[in-house]
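Asks: Contents of protein.cif (mmCIF, C-alpha atoms (C1' of nucleotides)) are given next:
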data_data
#
loop_
_atom_site.label_atom_id
_atom_site.label_comp_id
_atom_site.auth_asym_id
_atom_site.auth_seq_id
_atom_site.Cartn_x
_atom_site.Cartn_y
_atom_site.Cartn_z
CA MET A 1 0.00 0.00 0.00
CA THR A 2 2.60 2.49 -1.09
CA GLN A 3 1.26 3.54 -4.48
CA LYS A 4 -1.31 6.35 -4.51
CA ASP A 5 -3.28 7.73 -7.43
CA ASP A 6 -2.39 9.43 -10.68
CA PHE A 7 -0.10 12.37 -9.92
CA SER A 8 3.32 11.55 -8.56
CA LEU A 9 6.47 13.54 -8.02
CA GLN A 10 8.08 11.95 -11.02
CA ASP A 11 5.44 13.49 -13.26
CA PHE A 12 5.72 16.97 -11.82
CA LEU A 13 7.28 19.17 -14.46
CA PRO A 14 9.43 21.35 -12.18
CA PHE A 15 10.82 18.20 -10.59
CA LEU A 16 11.48 16.53 -13.91
CA LEU A 17 13.06 19.67 -15.30
CA ASN A 18 15.35 19.98 -12.31
CA ARG A 19 16.39 16.37 -12.42
CA ALA A 20 17.07 16.46 -16.15
CA ALA A 21 18.93 19.75 -15.82
CA GLU A 22 21.10 18.50 -12.97
CA ASP A 23 21.89 15.25 -14.72
CA SER A 24 22.88 16.86 -17.98
CA SER A 25 24.76 19.74 -16.35
CA LEU A 26 26.74 17.51 -14.08
CA GLU A 27 28.15 15.56 -16.95
CA PHE A 28 29.11 18.61 -18.97
CA GLN A 29 30.49 20.39 -15.93
CA SER A 30 33.63 18.30 -16.00
CA HIS A 31 34.73 19.94 -19.22
CA TYR A 32 34.85 23.53 -18.05
CA LYS A 33 35.60 22.64 -14.46
CA ASN A 34 38.43 20.17 -14.87
CA ARG A 35 40.01 21.66 -17.94
CA TYR A 36 39.71 25.33 -17.09
CA GLY A 37 38.77 25.52 -13.44
CA MET A 38 35.64 27.44 -14.40
CA LEU A 39 32.35 27.71 -12.59
CA ARG A 40 29.04 27.37 -14.38
CA ASN A 41 28.39 31.08 -14.56
CA GLU A 42 31.90 31.75 -15.79
CA TRP A 43 31.37 29.29 -18.57
CA ARG A 44 28.05 30.88 -19.44
CA VAL A 45 29.59 34.33 -19.65
CA LEU A 46 32.46 32.99 -21.72
CA PHE A 47 30.04 31.30 -24.04
CA HIS A 48 27.97 34.45 -24.47
CA LEU A 49 30.99 36.57 -25.30
CA GLY A 50 32.20 33.88 -27.65
CA THR A 51 28.86 33.62 -29.38
CA TYR A 52 27.85 37.25 -29.58
CA GLY A 53 31.16 39.13 -29.44
CA GLN A 54 31.46 42.28 -27.37
CA MET A 55 28.78 42.77 -24.74
CA THR A 56 28.26 44.55 -21.46
CA ALA A 57 27.45 42.71 -18.25
CA LYS A 58 23.91 43.93 -18.55
CA ASP A 59 23.54 42.57 -22.07
CA ILE A 60 24.64 39.15 -20.89
CA GLY A 61 22.29 39.28 -17.97
CA GLN A 62 19.33 40.10 -20.15
CA ARG A 63 20.07 37.52 -22.73
CA ALA A 64 20.82 34.68 -20.35
CA LYS A 65 18.60 35.81 -17.47
CA ILE A 66 21.48 35.60 -15.03
CA HIS A 67 21.47 37.96 -12.07
CA LYS A 68 23.93 40.83 -12.21
CA THR A 69 25.83 39.73 -9.12
CA LYS A 70 26.56 36.37 -10.67
CA ILE A 71 27.77 38.04 -13.82
CA SER A 72 29.85 40.49 -11.88
CA ARG A 73 31.63 37.72 -10.06
CA ALA A 74 32.01 35.56 -13.13
CA VAL A 75 33.48 38.46 -15.11
CA ALA A 76 35.87 39.26 -12.27
CA LYS A 77 37.19 35.71 -12.31
CA LEU A 78 37.44 35.57 -16.08
CA ALA A 79 39.26 38.90 -16.19
CA GLU A 80 41.63 37.76 -13.46
CA ARG A 81 42.47 34.70 -15.53
CA ARG A 82 42.91 36.87 -18.63
CA PHE A 83 40.05 35.27 -20.50
CA VAL A 84 38.15 38.54 -20.92
CA SER A 85 39.22 42.15 -21.19
CA ARG A 86 37.14 45.08 -19.97
CA SER A 87 36.95 48.59 -21.34
CA ARG A 88 34.81 51.43 -20.07
CA ASP A 89 32.24 52.94 -22.35
CA GLU A 90 33.32 56.55 -22.80
CA LYS A 91 29.80 57.76 -23.44
CA ASP A 92 28.39 56.08 -20.34
CA ARG A 93 31.17 55.48 -17.91
CA ARG A 94 29.05 53.24 -15.70
CA SER A 95 29.14 50.33 -18.10
CA GLU A 96 32.02 48.39 -19.55
CA HIS A 97 32.42 46.46 -22.75
CA LEU A 98 33.61 42.93 -22.32
CA ARG A 99 35.32 40.80 -24.91
CA LEU A 100 37.35 37.63 -25.03
CA THR A 101 41.11 37.74 -25.09
CA PRO A 102 42.89 35.34 -27.46
CA ALA A 103 43.20 32.93 -24.53
CA GLY A 104 39.48 33.33 -23.90
CA GLU A 105 38.74 32.70 -27.55
CA ALA A 106 40.78 29.53 -27.44
CA ALA A 107 38.99 28.27 -24.37
CA TYR A 108 35.68 29.19 -25.93
CA ARG A 109 36.39 27.32 -29.14
CA ASP A 110 37.48 24.27 -27.21
CA LEU A 111 34.50 24.25 -24.87
CA ARG A 112 32.11 25.07 -27.64
CA SER A 113 33.11 22.03 -29.59
CA GLN A 114 32.75 19.95 -26.43
CA ALA A 115 29.33 21.45 -25.94
CA GLU A 116 28.29 20.73 -29.49
CA SER A 117 29.21 17.10 -29.30
CA TYR A 118 27.63 16.69 -25.90
CA ASP A 119 24.47 18.29 -27.16
CA ALA A 120 24.50 15.98 -30.13
CA GLU A 121 24.96 13.05 -27.77
CA LEU A 122 21.90 14.07 -25.80
CA ALA A 123 19.90 14.76 -28.93
CA ALA A 124 20.79 11.40 -30.41
CA ARG A 125 18.50 9.72 -27.92
CA PHE A 126 15.51 11.15 -29.78
CA THR A 127 14.35 11.86 -33.29
CA PRO A 128 15.25 15.24 -34.82
CA ASP A 129 11.62 16.30 -34.67
CA GLU A 130 11.40 15.42 -31.03
CA VAL A 131 14.54 17.37 -30.20
CA ALA A 132 13.32 20.41 -32.10
CA LEU A 133 10.06 20.28 -30.19
CA LEU A 134 11.87 19.80 -26.91
CA ARG A 135 14.07 22.83 -27.48
CA SER A 136 11.11 24.92 -28.46
CA MET A 137 9.13 23.86 -25.39
CA LEU A 138 12.06 24.45 -23.09
CA ARG A 139 12.60 27.88 -24.58
CA LYS A 140 8.99 28.71 -23.89
CA LEU A 141 9.20 27.43 -20.33
CA ALA A 142 12.44 29.34 -19.80
CA GLY A 143 10.95 32.56 -21.11
CA ILE A 144 13.46 32.75 -23.95
CA GLU A 145 12.19 34.07 -27.24
CA GLU A 146 12.29 31.80 -30.26
CA PRO A 147 15.56 32.29 -32.16
CA PHE A 148 13.87 33.39 -35.38
CA ALA A 149 11.82 35.95 -33.48
CA GLN A 150 14.84 37.58 -31.92
CA SER A 151 14.83 41.31 -31.36
CA TRP A 152 18.29 42.77 -31.48
CA GLU A 153 17.75 45.58 -29.14
CA GLN A 154 21.12 47.17 -29.53
CA GLY A 155 23.31 48.37 -32.37
CA MET B 1 29.48 41.40 -36.77
CA THR B 2 28.19 39.93 -33.57
CA GLN B 3 26.19 36.96 -34.87
CA LYS B 4 28.14 33.75 -35.41
CA ASP B 5 27.00 30.48 -36.91
CA ASP B 6 24.44 27.89 -36.01
CA PHE B 7 25.05 26.73 -32.43
CA SER B 8 24.37 29.21 -29.65
CA LEU B 9 24.03 28.95 -25.92
CA GLN B 10 20.27 29.27 -26.19
CA ASP B 11 20.13 26.04 -28.13
CA PHE B 12 22.35 24.08 -25.78
CA LEU B 13 20.17 21.54 -24.03
CA PRO B 14 21.84 21.68 -20.60
CA PHE B 15 21.46 25.45 -20.63
CA LEU B 16 17.85 25.32 -21.73
CA LEU B 17 17.05 22.65 -19.18
CA ASN B 18 18.62 24.66 -16.40
CA ARG B 19 16.86 27.84 -17.36
CA ALA B 20 13.48 26.13 -17.65
CA ALA B 21 14.04 24.32 -14.37
CA GLU B 22 15.03 27.47 -12.53
CA ASP B 23 12.13 29.43 -13.91
CA SER B 24 9.51 26.85 -13.05
CA SER B 25 10.98 26.03 -9.65
CA LEU B 26 11.22 29.63 -8.63
CA GLU B 27 7.56 30.20 -9.21
CA PHE B 28 6.45 27.11 -7.35
CA GLN B 29 8.86 27.78 -4.51
CA SER B 30 6.59 30.44 -3.05
CA HIS B 31 4.02 27.81 -2.11
CA TYR B 32 6.13 25.67 0.17
CA LYS B 33 8.36 28.52 1.24
CA ASN B 34 5.80 31.13 2.18
CA ARG B 35 3.09 28.84 3.46
CA TYR B 36 5.22 26.31 5.33
CA GLY B 37 8.68 27.81 5.58
CA MET B 38 10.07 24.80 3.79
CA LEU B 39 13.18 24.47 1.70
CA ARG B 40 13.19 22.73 -1.65
CA ASN B 41 14.69 19.53 -0.30
CA GLU B 42 12.25 19.47 2.58
CA TRP B 43 9.39 19.75 0.17
CA ARG B 44 10.83 16.97 -1.96
CA VAL B 45 11.15 14.66 1.02
CA LEU B 46 7.63 15.52 2.14
CA PHE B 47 6.31 14.85 -1.30
CA HIS B 48 8.05 11.50 -1.51
CA LEU B 49 6.73 10.35 1.82
CA GLY B 50 3.28 11.57 0.85
CA THR B 51 3.39 9.80 -2.48
CA TYR B 52 4.99 6.52 -1.49
CA GLY B 53 4.22 6.16 2.20
CA GLN B 54 6.86 4.91 4.59
CA MET B 55 10.42 5.09 3.32
CA THR B 56 13.95 5.27 4.68
CA ALA B 57 16.27 8.16 3.92
CA LYS B 58 18.16 5.92 1.58
CA ASP B 59 15.01 5.00 -0.34
CA ILE B 60 14.24 8.66 -0.87
CA GLY B 61 17.77 9.35 -1.95
CA GLN B 62 17.69 6.59 -4.52
CA ARG B 63 14.34 7.52 -5.91
CA ALA B 64 14.90 11.25 -6.09
CA LYS B 65 18.66 11.16 -6.60
CA ILE B 66 19.22 13.57 -3.74
CA HIS B 67 22.44 13.30 -1.76
CA LYS B 68 22.16 11.78 1.69
CA THR B 69 23.38 14.86 3.51
CA LYS B 70 20.60 16.92 1.98
CA ILE B 71 18.06 14.31 2.98
CA SER B 72 19.45 14.06 6.46
CA ARG B 73 19.11 17.77 7.05
CA ALA B 74 15.71 17.96 5.37
CA VAL B 75 14.41 15.11 7.51
CA ALA B 76 15.80 16.73 10.64
CA LYS B 77 13.87 19.91 9.89
CA LEU B 78 10.68 18.09 9.02
CA ALA B 79 10.90 16.00 12.18
CA GLU B 80 11.55 19.09 14.25
CA ARG B 81 8.40 20.65 12.83
CA ARG B 82 6.47 17.42 13.51
CA PHE B 83 5.77 16.77 9.85
CA VAL B 84 7.51 13.40 9.86
CA SER B 85 8.07 10.74 12.50
CA ARG B 86 11.09 8.47 12.62
CA SER B 87 11.33 4.92 13.89
CA ARG B 88 14.38 2.67 13.93
CA ASP B 89 14.34 -0.53 11.99
CA GLU B 90 14.77 -3.26 14.60
CA LYS B 91 16.38 -5.65 12.16
CA ASP B 92 18.93 -3.11 10.96
CA ARG B 93 19.34 -0.45 13.57
CA ARG B 94 21.31 1.81 11.26
CA SER B 95 18.31 2.82 9.22
CA GLU B 96 15.05 4.46 10.21
CA HIS B 97 11.60 4.39 8.72
CA LEU B 98 10.12 7.76 8.00
CA ARG B 99 6.47 8.60 7.62
CA LEU B 100 4.27 11.64 7.64
CA THR B 101 2.45 12.71 10.78
CA PRO B 102 -1.15 13.91 10.40
CA ALA B 103 0.20 17.46 10.19
CA GLY B 104 2.63 16.32 7.51
CA GLU B 105 -0.19 14.63 5.63
CA ALA B 106 -2.20 17.82 5.71
CA ALA B 107 0.71 19.89 4.41
CA TYR B 108 1.34 17.28 1.76
CA ARG B 109 -2.25 17.28 0.56
CA ASP B 110 -2.29 21.05 0.40
CA LEU B 111 1.01 21.34 -1.45
CA ARG B 112 0.15 18.48 -3.69
CA SER B 113 -2.97 20.20 -4.92
CA GLN B 114 -0.94 23.36 -5.48
CA ALA B 115 1.57 21.31 -7.42
CA GLU B 116 -1.13 19.74 -9.52
CA SER B 117 -2.62 23.03 -10.54
CA TYR B 118 0.77 24.56 -11.20
CA ASP B 119 1.68 21.60 -13.33
CA ALA B 120 -1.58 21.97 -15.20
CA GLU B 121 -0.80 25.63 -15.71
CA LEU B 122 2.55 24.81 -17.26
CA ALA B 123 1.08 22.02 -19.33
CA ALA B 124 -1.67 24.27 -20.65
CA ARG B 125 0.87 26.09 -22.78
CA PHE B 126 1.14 23.03 -24.98
CA THR B 127 -1.02 20.31 -26.46
CA PRO B 128 -1.57 17.14 -24.39
CA ASP B 129 0.54 15.15 -26.83
CA GLU B 130 3.36 17.62 -26.57
CA VAL B 131 3.28 17.52 -22.79
CA ALA B 132 3.28 13.74 -22.74
CA LEU B 133 6.27 13.70 -25.04
CA LEU B 134 8.02 16.36 -22.96
CA ARG B 135 7.58 14.37 -19.77
CA SER B 136 8.80 11.23 -21.41
CA MET B 137 11.88 12.95 -22.82
CA LEU B 138 12.68 14.61 -19.53
CA ARG B 139 12.37 11.30 -17.75
CA LYS B 140 14.81 9.78 -20.15
CA LEU B 141 17.24 12.67 -19.73
CA ALA B 142 16.89 12.46 -15.97
CA GLY B 143 17.56 8.75 -15.92
CA ILE B 144 14.13 7.95 -14.53
CA GLU B 145 12.49 4.81 -15.80
CA GLU B 146 9.13 5.13 -17.47
CA PRO B 147 6.36 4.83 -14.88
CA PHE B 148 4.83 1.73 -16.43
CA ALA B 149 8.20 0.01 -16.41
CA GLN B 150 8.82 0.60 -12.74
CA SER B 151 10.67 -2.00 -10.71
CA TRP B 152 9.73 -1.94 -7.05
CA GLU B 153 13.00 -2.95 -5.63
CA GLN B 154 11.86 -3.28 -2.04
CA GLY B 155 9.14 -5.08 -0.13
"C1'" DC C 1 23.86 73.79 -10.49
"C1'" DC C 2 21.14 71.30 -7.31
"C1'" DT C 3 17.84 68.00 -5.99
"C1'" DT C 4 15.54 63.39 -6.84
"C1'" DG C 5 15.39 59.23 -9.26
"C1'" DT C 6 17.43 55.65 -12.13
"C1'" DT C 7 20.93 52.60 -13.89
"C1'" DA C 8 25.57 49.66 -14.19
"C1'" DG C 9 28.10 47.26 -11.57
"C1'" DT C 10 30.29 45.89 -6.96
"C1'" DT C 11 30.54 44.39 -2.27
"C1'" DA C 12 29.00 42.47 2.23
"C1'" DC C 13 26.52 39.36 4.76
"C1'" DA C 14 23.32 35.53 5.38
"C1'" DA C 15 21.52 31.14 3.51
"C1'" DA C 16 22.30 26.97 1.16
"C1'" DA C 17 25.02 23.52 -1.29
"C1'" DA C 18 29.13 20.52 -1.91
"C1'" DC C 19 32.35 17.63 -0.07
"C1'" DA C 20 34.87 15.16 3.29
"C1'" DA C 21 35.21 13.08 7.56
"C1'" DC C 22 32.86 11.02 11.14
"C1'" DT C 23 29.73 7.49 14.28
"C1'" DA C 24 27.20 3.50 14.72
"C1'" DT C 25 25.87 -0.70 12.99
"C1'" DT C 26 25.98 -4.76 10.07
"C1'" DA C 27 28.28 -8.32 7.05
"C1'" DG C 28 31.79 -11.48 5.68
"C1'" DG C 29 35.44 -13.83 6.05
"C1'" DT C 30 39.07 -16.40 8.74
"C1'" DA D 1 35.42 -14.17 18.46
"C1'" DC D 2 38.13 -10.97 15.59
"C1'" DC D 3 39.52 -8.18 11.82
"C1'" DT D 4 38.31 -5.67 7.68
"C1'" DA D 5 35.09 -3.73 4.74
"C1'" DA D 6 30.65 -1.85 3.75
"C1'" DT D 7 26.40 0.74 4.82
"C1'" DA D 8 22.89 4.31 7.03
"C1'" DG D 9 22.94 8.39 8.52
"C1'" DT D 10 25.08 12.66 10.77
"C1'" DT D 11 28.18 16.52 11.45
"C1'" DG D 12 31.73 19.97 10.25
"C1'" DT D 13 34.09 22.83 6.98
"C1'" DT D 14 34.56 25.06 2.70
"C1'" DT D 15 32.32 26.96 -1.66
"C1'" DT D 16 28.62 29.06 -3.95
"C1'" DT D 17 24.50 31.30 -3.99
"C1'" DG D 18 20.87 34.81 -2.77
"C1'" DT D 19 19.67 39.20 -1.15
"C1'" DA D 20 20.26 43.64 0.15
"C1'" DA D 21 22.85 47.53 0.47
"C1'" DC D 22 26.19 50.11 -1.58
"C1'" DT D 23 29.17 53.33 -5.06
"C1'" DA D 24 29.59 55.76 -9.15
"C1'" DA D 25 27.67 57.71 -13.09
"C1'" DC D 26 23.92 59.58 -15.62
"C1'" DA D 27 19.22 61.99 -16.41
"C1'" DA D 28 15.45 65.15 -15.87
"C1'" DG D 29 13.15 68.96 -13.75
"C1'" DG D 30 13.24 73.01 -11.47
#
As structure tokens, please, write out the structure in this file.

Replies:
Amino acid sequence: MTQKDDFSLQDFLPFLLNRAAEDSSLEFQSHYKNRYGMLRNEWRVLFHLGTYGQMTAKDIGQRAKIHKTKISRAVAKLAERRFVSRSRDEKDRRSEHLRLTPAGEAAYRDLRSQAESYDAELAARFTPDEVALLRSMLRKLAGIEEPFAQSWEQG
Amino acid sequence: MTQKDDFSLQDFLPFLLNRAAEDSSLEFQSHYKNRYGMLRNEWRVLFHLGTYGQMTAKDIGQRAKIHKTKISRAVAKLAERRFVSRSRDEKDRRSEHLRLTPAGEAAYRDLRSQAESYDAELAARFTPDEVALLRSMLRKLAGIEEPFAQSWEQG
DNA sequence: CCTTGTTAGTTACAAAAACAACTATTAGGT
DNA sequence: ACCTAATAGTTGTTTTTGTAACTAACAAGG
């Protein structure tokens, strides 16, 4: 007499999402952690700068929905390790432009290729249609706009 | 010249999973946090005991893949608040059987109904087929066996 | 130019997680 | 019985996070 009715924890979407996220993150973590001593947020910032080029901390925060304190700390670490360089905006001296150094670029390229093959590994467990639907649903749940409906809010 | 090629962070499954998980957890958090002063792991333990009845800490850990130290501290809190009762196994005095008290049952029933409607709210953004597929894919990614293929490894 | 309000980013402190080391108990040889 | 290893759960210490408060720079109105 342990089993109850229809709705169990293992069906609850937030639980499932967390479990799937933890499982998949944990495995990928080893790449940026062991090889570069990076933390998750540092890797995320690195990846954003690698993908989109020069950005401010605020830009990254908006795009990735990471809180500004996390970004601040991640950028500090990355700058300390000479993976990113910072330069003040002369028009608005509150904000700084961040970009990867050559060393940062190299780390980005390496990790990006790791990420691509890991993503492919995960995706291979499903059909292409299923994966496309999964990504789209996750984007919706995460409050991230669809890639083709992007609004580039800055020039 | 900011846009690069095809693969961006917003397509990377571990990133998407984490973002979706954080977003959905954060919103549901208010229920167990504000109403019962619970932490996420406490709620998970409560939910497991509510769903499956009597279990040991180890059982919960295996089923939910939560580390034993988290469970230990969650159980301590729940016991302190008289939501769970503990009783030593007389055959193996290392382990204890945990079960909900009436107060724990009440909290469980309340939170469970909150969880059900929140889950329904999330699911309503998609078609039933899509949600079923999503759950199944997440289960696979999380390393959780399909519910109809469950193996009840204990008596 | 001087208030008041807002924004970009940092820092400080409290809460929670991760990890290792620990106690108590059981199990399996020999 | 005794030694070693394994297991259930707890505790202590170090990292990381979350939250709030802060500094510095801008902006708008008077």

Asks: So how far away is atom CA of A:Met55 from atom CA of A:Leu98, in Å?

Replies: 5.4 Å

Asks: Apply the PyMOL selection byres ((chain A and resi 62-66) around 9) to the structure shown and report the selected residues as a list in words.

Replies: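 Expected selection for the PyMOL selection byres ((chain A and resi 62-66) around 9) here is Asn41, Arg44, Val45, His48, Ala57, Lys58, Asp59, Ile60, Gly61, His67, Lys68, Thr69, Lys70, Ile71 and Ile144 of chain A; Leu9, Gln10 and Arg19 of chain B.
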
Asks: Select, as a PyMOL selection string, those residues of chain C with any atom no more than 10 Å from chain B (distances computed using only C-alpha atoms (C1' of nucleotides)).

Replies: chain C and resi 16-18+24-26

Asks: What lies within 8 Å of B:Ala115 using all atoms listed in the file, ignoring chain neighbours under 4 positions off, as a list in words?

Replies: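 What passes the distance filter is Phe12 of chain A; Phe28, Leu111 and Asp119 of chain B.
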
Asks: Taking the file above as input, evaluate the PyMOL selection byres ((chain D) within 9 of (chain A)) and report the hits as an NGL selection string.

Replies: :D and (17 or 24-26)

Asks: For chain B, work out the contacting residues on chain A at 7 Å, counting all atoms listed in the file, and write them as a VMD selection string.

Replies: chain A and resid 2 to 4 8 to 9 11 to 14 16 to 21 23 to 25 47 to 48 51 to 53 119 134 to 135 138 to 139 141 to 142

Asks: If we draw a sphere of 12 Å around (36.7, 36.1, -11.8), which residues have at least one atom in it when counting all atoms listed in the file? Please report them as a short mmCIF file (atom, residue, chain, number, x, y, z; two decimals) with C-alpha atoms, in the frame of the given file.

Replies:
data_model
loop_
_atom_site.label_atom_id
_atom_site.label_comp_id
_atom_site.auth_asym_id
_atom_site.auth_seq_id
_atom_site.Cartn_x
_atom_site.Cartn_y
_atom_site.Cartn_z
CA GLY A 37 38.77 25.52 -13.44
CA MET A 38 35.64 27.44 -14.40
CA LEU A 39 32.35 27.71 -12.59
CA ARG A 40 29.04 27.37 -14.38
CA ASN A 41 28.39 31.08 -14.56
CA GLU A 42 31.90 31.75 -15.79
CA TRP A 43 31.37 29.29 -18.57
CA VAL A 45 29.59 34.33 -19.65
CA LEU A 46 32.46 32.99 -21.72
CA THR A 69 25.83 39.73 -9.12
CA LYS A 70 26.56 36.37 -10.67
CA ILE A 71 27.77 38.04 -13.82
CA SER A 72 29.85 40.49 -11.88
CA ARG A 73 31.63 37.72 -10.06
CA ALA A 74 32.01 35.56 -13.13
CA VAL A 75 33.48 38.46 -15.11
CA ALA A 76 35.87 39.26 -12.27
CA LYS A 77 37.19 35.71 -12.31
CA LEU A 78 37.44 35.57 -16.08
CA ALA A 79 39.26 38.90 -16.19
CA GLU A 80 41.63 37.76 -13.46
CA ARG A 81 42.47 34.70 -15.53
CA ARG A 82 42.91 36.87 -18.63
CA PHE A 83 40.05 35.27 -20.50
CA VAL A 84 38.15 38.54 -20.92
CA SER A 85 39.22 42.15 -21.19
#

Asks: Pick out the residues sitting within 12 Å of C:DT3, and hand them over as a list in words; count only C-alpha atoms (C1' of nucleotides), and ignore anything fewer than 5 positions along from it in its own chain.

Replies: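 Listed by chain and then number, they are DA28, DG29 and DG30 of chain D.
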
Asks: In Å, how far is it from atom C1' of D:DT14 to atom C1' of C:DA14?

Replies: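 Atom-to-atom, atom C1' of D:DT14 to atom C1' of C:DA14, that is 15.6 Å.
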
Asks: Take atom CA of B:Gly104 and atom CA of B:Lys33 and report the distance between them in Å, one decimal.

Replies: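 Rounded to one decimal, the two atoms are 14.9 Å apart.
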
Asks: Residues near A:Arg35, anyone? I mean within 10 Å using all atoms listed in the file, not counting same-chain ones fewer than 3 positions away, as a ChimeraX atom specification.

Replies: /A:29-32,38,107,110-111

Asks: In file coordinates, which residues lie within 12 Å of (35.6, 12.7, 4.8) using only C-alpha atoms (C1' of nucleotides), given as a PyMOL selection string?

Replies: (chain C and resi 19-22) or (chain D and resi 11-13)

Asks: What does the PyMOL selection byres ((chain C and resi 11) around 9) select in this file, as a list of chain:residue names?

Replies: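 That selection, the PyMOL selection byres ((chain C and resi 11) around 9), comes back as C:DT10, C:DA12, D:DA21, D:DC22.
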
Asks: Now that the selection is made, can you save its residues with C-alpha atoms (C1' of nucleotides) as a PDB file, keeping the file's coordinate frame?

Replies:
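This is the output file part.pdb:
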ATOM      1  C1'  DT C  10      30.290  45.890  -6.960  1.00  0.00           C
ATOM      2  C1'  DA C  12      29.000  42.470   2.230  1.00  0.00           C
TER       3       DA C  12
ATOM      4  C1'  DA D  21      22.850  47.530   0.470  1.00  0.00           C
ATOM      5  C1'  DC D  22      26.190  50.110  -1.580  1.00  0.00           C
TER       6       DC D  22
END
